[in-house]
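To start, the structure itself, in structure tokens.
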Protein chains: 2
Amino acid sequence: MADLDNALPWLEALKWDADGMIPAIAQDQEGRIVMFAFMNRESLQETVNCGNAVYWSRSRRRLWRKGEESGFFQKVKSIRTDCDGDVLLLSVEQVGGIACHTGRESCFFNELSGDRWIAVDPVLKDPKEIYK
Amino acid sequence: MADLDNALPWLEALKWDADGMIPAIAQDQEGRIVMFAFMNRESLQETVNCGNAVYWSRSRRRLWRKGEESGFFQKVKSIRTDCDGDVLLLSVEQVGGIACHTGRESCFFNELSGDRWIAVDPVLKDPKEIYK
């Protein structure tokens with residue numbers, strides 16, 4: 001795929017997929033990957049405008065202000081894209097230290113061990129206490 | 001989306017997209033996100049078997065043994081998946097310290113600055129010297 005043309009307007013330089021989406025990786029300030037989700041142009045523009053991560057919920061088909069229910073917002077410190085401009089990397093401050101709906105720091109808590117996925121990270125807060 | 005069912009055989013527990021793909025994030029041992037690519041079942045199985053990252057090249061429509069041309073292999077230390085099992089996170093030792101075809105440590109070298117993407121990381125090796 002062609003490299004990012006950073007002479008283009010920044011939103012147009014990105015390569016949006018056929019559905020108008022781009023994948024976004026969220027990394028906290030300790031370097032932990034906490035989440036992976038999708039953005040469309042509107043959610044990325046809103047992320048830039050408001051300073052908190054706003055994704056596009058493909059299941060609910062609407063803007064998803066991360067933390068809108070849980071209070072666990074993501075304050076965006078910087079936004080990067082890769083060499084060909086088809087993925088975003090957000091550096092975030094994860095408010096509350098919990099990104100996952102299971103009550104864990106990160107969504108990436110399942111590790112392959114032999115031929116099984118094992119949940120290796122602790123639940124920090126009962127989801128029933130997060131989503132009341 | 002339903003949470004990962006880790007009682008299933010590990011390959012079947014993952015949620016492959018309509019094209020049989022799953023996105024994969026590669027993170028080096030300093031926590032740097034170096035790459036984002038796709039895997040199919042065959043490439044993931046081969047990654048596990050050989051210990052080096054093997055992706056699926058969607059443009060070339062074949063297995064892509066990362067480093068096959070450049071020598072910059074990725075030794076896989078662990079593989080994680082997220083809460084719903086639709087993304088992989090590989091912890092890798094990036095041989096040569098260069099993951100990007102532009103000769104940089106990471107593909108994520110473009111940072112949003114105002115309304116422009118700026119290449120903020122240095123080229124460590126001329127690509128002409130990498131791909132001879």
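Here, A, B, ... name the chains of the structure tokens in the order displayed, residue numbers run from 1 inside each chain, and ligands are numbered from 1 in the same displayed order.
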Neighbours of chain A in chain B at 9 Å, counting only C-alpha atoms, as a PyMOL selection string: chain B and resi 1+4-11+13+25+27+30-33+35-36+59+78-85+87-89+100-102+106-113+115-119
Near Phe72 (chain A), within 10 Å and counting only C-alpha atoms, which residues show up once chain neighbours fewer than 4 positions away are dropped, as an mmCIF file with all heavy atoms, in the first residue's frame?
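Final output, out.cif:
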```cif
data_model
loop_
_atom_site.group_PDB
_atom_site.id
_atom_site.type_symbol
_atom_site.label_atom_id
_atom_site.label_comp_id
_atom_site.auth_asym_id
_atom_site.auth_seq_id
_atom_site.Cartn_x
_atom_site.Cartn_y
_atom_site.Cartn_z
ATOM 1 N N ARG A 65 -18.410 7.304 23.140
ATOM 2 C CA ARG A 65 -17.489 8.078 23.972
ATOM 3 C C ARG A 65 -16.992 7.151 25.063
ATOM 4 O O ARG A 65 -17.699 6.912 26.041
ATOM 5 C CB ARG A 65 -18.188 9.306 24.558
ATOM 6 C CG ARG A 65 -18.585 10.298 23.487
ATOM 7 C CD ARG A 65 -19.392 11.477 24.019
ATOM 8 N NE ARG A 65 -19.846 12.267 22.894
ATOM 9 C CZ ARG A 65 -19.121 13.213 22.298
ATOM 10 N NH1 ARG A 65 -17.922 13.512 22.753
ATOM 11 N NH2 ARG A 65 -19.612 13.861 21.251
ATOM 12 N N LYS A 66 -15.790 6.629 24.870
ATOM 13 C CA LYS A 66 -15.223 5.670 25.820
ATOM 14 C C LYS A 66 -15.306 6.239 27.230
ATOM 15 O O LYS A 66 -14.830 7.361 27.468
ATOM 16 C CB LYS A 66 -13.757 5.385 25.437
ATOM 17 C CG LYS A 66 -12.979 4.565 26.436
ATOM 18 C CD LYS A 66 -13.484 3.157 26.529
ATOM 19 C CE LYS A 66 -12.724 2.390 27.598
ATOM 20 N NZ LYS A 66 -13.371 1.112 27.924
ATOM 21 N N GLY A 67 -15.937 5.491 28.138
ATOM 22 C CA GLY A 67 -16.091 5.965 29.507
ATOM 23 C C GLY A 67 -17.442 6.590 29.779
ATOM 24 O O GLY A 67 -17.735 6.952 30.920
ATOM 25 N N GLU A 68 -18.294 6.688 28.740
ATOM 26 C CA GLU A 68 -19.579 7.379 28.923
ATOM 27 C C GLU A 68 -20.455 6.698 29.978
ATOM 28 O O GLU A 68 -21.215 7.351 30.677
ATOM 29 C CB GLU A 68 -20.333 7.511 27.586
ATOM 30 C CG GLU A 68 -20.687 6.185 26.955
ATOM 31 C CD GLU A 68 -21.176 6.302 25.503
ATOM 32 O OE1 GLU A 68 -21.258 7.426 24.974
ATOM 33 O OE2 GLU A 68 -21.473 5.247 24.907
ATOM 34 N N GLU A 93 -4.108 8.574 28.635
ATOM 35 C CA GLU A 93 -4.146 8.401 30.088
ATOM 36 C C GLU A 93 -5.465 7.714 30.384
ATOM 37 O O GLU A 93 -6.541 8.258 30.107
ATOM 38 C CB GLU A 93 -4.081 9.764 30.779
ATOM 39 C CG GLU A 93 -4.150 9.659 32.287
ATOM 40 C CD GLU A 93 -4.341 11.030 32.937
ATOM 41 O OE1 GLU A 93 -3.873 12.041 32.377
ATOM 42 O OE2 GLU A 93 -5.001 11.056 33.992
ATOM 43 N N GLN A 94 -5.388 6.481 30.885
ATOM 44 C CA GLN A 94 -6.603 5.713 31.140
ATOM 45 C C GLN A 94 -7.148 6.080 32.517
ATOM 46 O O GLN A 94 -6.623 5.635 33.543
ATOM 47 C CB GLN A 94 -6.300 4.212 31.049
ATOM 48 C CG GLN A 94 -7.494 3.323 31.349
ATOM 49 C CD GLN A 94 -8.659 3.567 30.410
ATOM 50 O OE1 GLN A 94 -8.548 3.379 29.222
ATOM 51 N NE2 GLN A 94 -9.796 4.013 30.946
ATOM 52 N N VAL A 95 -8.198 6.884 32.531
ATOM 53 C CA VAL A 95 -8.800 7.301 33.798
ATOM 54 C C VAL A 95 -9.309 6.073 34.556
ATOM 55 O O VAL A 95 -9.922 5.183 33.955
ATOM 56 C CB VAL A 95 -9.958 8.293 33.529
ATOM 57 C CG1 VAL A 95 -10.708 8.621 34.811
ATOM 58 C CG2 VAL A 95 -9.418 9.556 32.865
ATOM 59 N N GLY A 96 -9.019 5.999 35.829
ATOM 60 C CA GLY A 96 -9.478 4.879 36.653
ATOM 61 C C GLY A 96 -8.636 3.625 36.505
ATOM 62 O O GLY A 96 -8.817 2.668 37.258
ATOM 63 N N GLY A 97 -7.724 3.630 35.531
ATOM 64 C CA GLY A 97 -6.833 2.474 35.371
ATOM 65 C C GLY A 97 -7.514 1.211 34.876
ATOM 66 O O GLY A 97 -6.947 0.121 34.943
ATOM 67 N N ILE A 98 -8.721 1.345 34.365
ATOM 68 C CA ILE A 98 -9.484 0.187 33.865
ATOM 69 C C ILE A 98 -10.024 0.529 32.482
ATOM 70 O O ILE A 98 -10.781 1.490 32.329
ATOM 71 C CB ILE A 98 -10.649 -0.168 34.818
ATOM 72 C CG1 ILE A 98 -10.093 -0.667 36.162
ATOM 73 C CG2 ILE A 98 -11.586 -1.210 34.193
ATOM 74 C CD1 ILE A 98 -11.164 -1.016 37.192
ATOM 75 N N ALA A 99 -9.620 -0.263 31.481
ATOM 76 C CA ALA A 99 -10.113 -0.030 30.121
ATOM 77 C C ALA A 99 -11.142 -1.071 29.711
ATOM 78 O O ALA A 99 -11.967 -0.818 28.842
ATOM 79 C CB ALA A 99 -8.962 -0.050 29.125
ATOM 80 N N CYS A 100 -11.082 -2.249 30.320
ATOM 81 C CA CYS A 100 -11.884 -3.378 29.827
ATOM 82 C C CYS A 100 -13.220 -3.496 30.554
ATOM 83 O O CYS A 100 -13.292 -3.278 31.766
ATOM 84 C CB CYS A 100 -11.091 -4.674 29.973
ATOM 85 S SG CYS A 100 -11.914 -6.095 29.238
ATOM 86 N N HIS A 101 -14.238 -3.907 29.804
ATOM 87 C CA HIS A 101 -15.577 -4.074 30.390
ATOM 88 C C HIS A 101 -15.620 -5.198 31.416
ATOM 89 O O HIS A 101 -16.579 -5.308 32.176
ATOM 90 C CB HIS A 101 -16.615 -4.328 29.288
ATOM 91 C CG HIS A 101 -16.585 -5.718 28.735
ATOM 92 N ND1 HIS A 101 -15.579 -6.152 27.892
ATOM 93 C CD2 HIS A 101 -17.406 -6.771 28.918
ATOM 94 C CE1 HIS A 101 -15.808 -7.422 27.573
ATOM 95 N NE2 HIS A 101 -16.906 -7.821 28.172
ATOM 96 N N ILE A 130 -19.241 -1.398 38.013
ATOM 97 C CA ILE A 130 -18.865 -0.390 37.007
ATOM 98 C C ILE A 130 -20.097 0.057 36.227
ATOM 99 O O ILE A 130 -20.318 1.243 36.013
ATOM 100 C CB ILE A 130 -17.816 -0.970 36.018
ATOM 101 C CG1 ILE A 130 -16.560 -1.417 36.766
ATOM 102 C CG2 ILE A 130 -17.485 0.066 34.937
ATOM 103 C CD1 ILE A 130 -15.519 -2.111 35.885
#
```
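Within chain B, DSSP applied to the backbone places the following residues in alpha helix (DSSP H): Trp10, Leu11, Glu12, Ala13, Arg41, Glu42, Ser43, Leu44, Gln45, Glu46, Thr47, Val48, Asn49, Cys50, Pro127, Lys128, Glu129 and Ile130 of chain B.
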Preceding selection exported with N, CA, C and O atoms as a tab-separated table (two decimals), in the first residue's frame:
```
chain	number	residue	atom	x	y	z
B	10	TRP	N	-8.09	-23.46	20.80
B	10	TRP	CA	-7.61	-22.08	20.80
B	10	TRP	C	-7.80	-21.35	19.47
B	10	TRP	O	-8.15	-20.17	19.47
B	11	LEU	N	-7.63	-22.04	18.36
B	11	LEU	CA	-7.78	-21.36	17.06
B	11	LEU	C	-9.25	-21.03	16.79
B	11	LEU	O	-9.56	-20.01	16.17
B	12	GLU	N	-10.13	-21.91	17.26
B	12	GLU	CA	-11.57	-21.70	17.01
B	12	GLU	C	-12.18	-20.70	17.97
B	12	GLU	O	-13.24	-20.14	17.70
B	13	ALA	N	-11.53	-20.48	19.10
B	13	ALA	CA	-12.04	-19.49	20.06
B	13	ALA	C	-11.92	-18.07	19.51
B	13	ALA	O	-12.68	-17.18	19.90
B	41	ARG	N	-5.62	-18.20	9.76
B	41	ARG	CA	-5.36	-19.36	10.63
B	41	ARG	C	-4.00	-19.98	10.34
B	41	ARG	O	-3.26	-20.33	11.24
B	42	GLU	N	-3.69	-20.10	9.04
B	42	GLU	CA	-2.44	-20.75	8.65
B	42	GLU	C	-1.23	-19.96	9.17
B	42	GLU	O	-0.27	-20.54	9.68
B	43	SER	N	-1.29	-18.64	9.03
B	43	SER	CA	-0.12	-17.84	9.45
B	43	SER	C	0.02	-17.85	10.98
B	43	SER	O	1.14	-17.88	11.49
B	44	LEU	N	-1.10	-17.85	11.68
B	44	LEU	CA	-1.00	-17.89	13.15
B	44	LEU	C	-0.47	-19.25	13.61
B	44	LEU	O	0.40	-19.33	14.49
B	45	GLN	N	-0.97	-20.31	12.99
B	45	GLN	CA	-0.47	-21.65	13.35
B	45	GLN	C	1.03	-21.74	13.06
B	45	GLN	O	1.80	-22.28	13.86
B	46	GLU	N	1.45	-21.17	11.93
B	46	GLU	CA	2.87	-21.21	11.56
B	46	GLU	C	3.72	-20.35	12.50
B	46	GLU	O	4.85	-20.72	12.83
B	47	THR	N	3.15	-19.24	12.95
B	47	THR	CA	3.83	-18.40	13.95
B	47	THR	C	4.11	-19.22	15.22
B	47	THR	O	5.21	-19.19	15.77
B	48	VAL	N	3.09	-19.93	15.66
B	48	VAL	CA	3.23	-20.75	16.87
B	48	VAL	C	4.25	-21.87	16.62
B	48	VAL	O	5.12	-22.14	17.46
B	49	ASN	N	4.18	-22.48	15.46
B	49	ASN	CA	5.08	-23.61	15.17
B	49	ASN	C	6.55	-23.18	15.08
B	49	ASN	O	7.42	-23.87	15.60
B	50	CYS	N	6.80	-22.04	14.40
B	50	CYS	CA	8.20	-21.70	14.12
B	50	CYS	C	8.77	-20.68	15.09
B	50	CYS	O	9.99	-20.52	15.16
B	127	PRO	N	16.46	2.26	3.38
B	127	PRO	CA	15.77	1.08	2.84
B	127	PRO	C	16.51	0.43	1.67
B	127	PRO	O	16.43	-0.77	1.48
B	128	LYS	N	17.27	1.24	0.91
B	128	LYS	CA	18.04	0.65	-0.20
B	128	LYS	C	19.10	-0.33	0.30
B	128	LYS	O	19.50	-1.24	-0.42
B	129	GLU	N	19.53	-0.12	1.53
B	129	GLU	CA	20.50	-1.05	2.14
B	129	GLU	C	19.82	-2.27	2.75
B	129	GLU	O	20.46	-3.28	3.01
B	130	ILE	N	18.51	-2.12	3.01
B	130	ILE	CA	17.76	-3.22	3.63
B	130	ILE	C	17.26	-4.19	2.56
B	130	ILE	O	17.38	-5.40	2.70
```
Members of chain B assigned strand (DSSP E) by DSSP, as a PyMOL selection string: chain B and resi 22-28+33-39+54-57+62-65+74-81+88-94+110-113+116-119
Restricting it to N, CA and C atoms, dump the selection as a short mmCIF file (atom, residue, chain, number, x, y, z; two decimals), in the first residue's frame.
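Resulting contents of out_15.cif:
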```cif
data_model
loop_
_atom_site.label_atom_id
_atom_site.label_comp_id
_atom_site.auth_asym_id
_atom_site.auth_seq_id
_atom_site.Cartn_x
_atom_site.Cartn_y
_atom_site.Cartn_z
N ILE B 22 -7.58 -11.98 11.16
CA ILE B 22 -7.64 -11.32 12.46
C ILE B 22 -6.50 -10.30 12.50
N PRO B 23 -6.75 -9.10 13.02
CA PRO B 23 -5.66 -8.12 13.11
C PRO B 23 -4.67 -8.51 14.21
N ALA B 24 -3.41 -8.18 13.98
CA ALA B 24 -2.36 -8.50 14.95
C ALA B 24 -1.48 -7.28 15.17
N ILE B 25 -1.29 -6.96 16.44
CA ILE B 25 -0.43 -5.85 16.86
C ILE B 25 0.87 -6.45 17.36
N ALA B 26 2.01 -5.93 16.91
CA ALA B 26 3.30 -6.41 17.41
C ALA B 26 3.93 -5.34 18.29
N GLN B 27 4.29 -5.75 19.50
CA GLN B 27 4.87 -4.83 20.49
C GLN B 27 6.24 -5.35 20.88
N ASP B 28 7.24 -4.48 20.87
CA ASP B 28 8.57 -4.97 21.23
C ASP B 28 8.76 -4.97 22.74
N ILE B 33 5.00 -0.12 20.07
CA ILE B 33 4.21 -0.80 19.05
C ILE B 33 4.97 -0.66 17.75
N VAL B 34 5.40 -1.76 17.18
CA VAL B 34 6.26 -1.67 16.00
C VAL B 34 5.51 -1.91 14.69
N MET B 35 4.38 -2.62 14.76
CA MET B 35 3.72 -3.01 13.51
C MET B 35 2.28 -3.41 13.75
N PHE B 36 1.51 -3.37 12.69
CA PHE B 36 0.13 -3.86 12.71
C PHE B 36 -0.08 -4.57 11.38
N ALA B 37 -0.56 -5.80 11.43
CA ALA B 37 -0.79 -6.55 10.18
C ALA B 37 -1.90 -7.56 10.43
N PHE B 38 -2.12 -8.42 9.45
CA PHE B 38 -3.19 -9.40 9.58
C PHE B 38 -2.63 -10.82 9.57
N MET B 39 -3.36 -11.69 10.21
CA MET B 39 -3.04 -13.12 10.17
C MET B 39 -4.28 -13.88 9.74
N VAL B 54 4.64 -14.73 11.54
CA VAL B 54 4.27 -14.96 10.14
C VAL B 54 2.89 -14.34 9.94
N TYR B 55 2.81 -13.36 9.05
CA TYR B 55 1.55 -12.69 8.78
C TYR B 55 0.97 -13.20 7.46
N TRP B 56 -0.20 -12.69 7.14
CA TRP B 56 -0.79 -12.96 5.83
C TRP B 56 -0.75 -11.65 5.05
N SER B 57 -0.07 -11.65 3.93
CA SER B 57 -0.02 -10.45 3.11
C SER B 57 -1.28 -10.39 2.26
N ARG B 62 -0.31 -14.16 0.14
CA ARG B 62 0.51 -15.31 0.54
C ARG B 62 1.03 -15.09 1.95
N LEU B 63 1.55 -16.17 2.56
CA LEU B 63 2.17 -16.06 3.86
C LEU B 63 3.33 -15.08 3.76
N TRP B 64 3.47 -14.28 4.78
CA TRP B 64 4.51 -13.26 4.82
C TRP B 64 5.32 -13.49 6.09
N ARG B 65 6.47 -14.15 5.88
CA ARG B 65 7.36 -14.37 7.01
C ARG B 65 8.11 -13.07 7.25
N GLN B 74 10.86 -11.29 13.66
CA GLN B 74 10.26 -11.00 14.97
C GLN B 74 10.14 -12.30 15.75
N LYS B 75 10.93 -12.43 16.80
CA LYS B 75 10.85 -13.62 17.65
C LYS B 75 9.71 -13.42 18.63
N VAL B 76 8.75 -14.34 18.60
CA VAL B 76 7.53 -14.16 19.37
C VAL B 76 7.72 -14.71 20.78
N LYS B 77 7.53 -13.83 21.76
CA LYS B 77 7.69 -14.20 23.17
C LYS B 77 6.37 -14.63 23.80
N SER B 78 5.29 -13.99 23.41
CA SER B 78 3.97 -14.41 23.91
C SER B 78 2.92 -13.88 22.95
N ILE B 79 1.76 -14.52 23.00
CA ILE B 79 0.62 -14.11 22.17
C ILE B 79 -0.58 -13.93 23.09
N ARG B 80 -1.20 -12.78 22.98
CA ARG B 80 -2.42 -12.52 23.74
C ARG B 80 -3.56 -12.21 22.79
N THR B 81 -4.77 -12.39 23.30
CA THR B 81 -5.94 -11.87 22.58
C THR B 81 -6.79 -11.07 23.54
N LEU B 88 -5.20 -9.85 18.02
CA LEU B 88 -4.04 -10.48 18.66
C LEU B 88 -3.02 -9.41 19.04
N LEU B 89 -2.32 -9.68 20.13
CA LEU B 89 -1.21 -8.83 20.56
C LEU B 89 0.01 -9.73 20.72
N LEU B 90 1.01 -9.50 19.88
CA LEU B 90 2.23 -10.31 19.94
C LEU B 90 3.31 -9.52 20.67
N SER B 91 3.91 -10.15 21.66
CA SER B 91 5.09 -9.56 22.27
C SER B 91 6.28 -10.15 21.53
N VAL B 92 7.11 -9.27 20.93
CA VAL B 92 8.17 -9.76 20.06
C VAL B 92 9.53 -9.16 20.42
N GLU B 93 10.56 -9.93 20.11
CA GLU B 93 11.91 -9.37 20.07
C GLU B 93 12.15 -9.01 18.61
N GLN B 94 12.30 -7.70 18.34
CA GLN B 94 12.46 -7.24 16.96
C GLN B 94 13.94 -7.33 16.58
N ASN B 110 4.43 8.59 12.37
CA ASN B 110 3.74 9.82 11.98
C ASN B 110 2.86 10.32 13.12
N GLU B 111 3.18 11.50 13.63
CA GLU B 111 2.40 12.03 14.75
C GLU B 111 1.58 13.24 14.29
N LEU B 112 0.34 13.29 14.78
CA LEU B 112 -0.53 14.41 14.43
C LEU B 112 -0.09 15.65 15.20
N SER B 113 0.21 16.70 14.46
CA SER B 113 0.65 17.96 15.05
C SER B 113 -0.19 19.05 14.42
N ARG B 116 -1.48 18.45 10.72
CA ARG B 116 -0.54 17.77 9.84
C ARG B 116 0.03 16.53 10.51
N TRP B 117 0.34 15.53 9.71
CA TRP B 117 1.10 14.37 10.19
C TRP B 117 2.58 14.66 9.98
N ILE B 118 3.35 14.52 11.03
CA ILE B 118 4.78 14.80 10.97
C ILE B 118 5.55 13.51 11.28
N ALA B 119 6.52 13.18 10.45
CA ALA B 119 7.38 12.01 10.73
C ALA B 119 8.34 12.40 11.85
#
```
Between CA of Arg60 (chain A) and CA of Val123 (chain A), distance in Å (one decimal):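 Going from CA of Arg60 (chain A) over to CA of Val123 (chain A) covers 25.6 Å.
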Point-to-point distance from CA of Arg58 (chain A) to CA of Pro122 (chain A), Å rounded to tenths: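 Distance between the two atoms: 27.7 Å.
For the atom pair formed by CA of Asp17 (chain B) and CA of Glu69 (chain B), the distance is 28.2 Å, given to one decimal.
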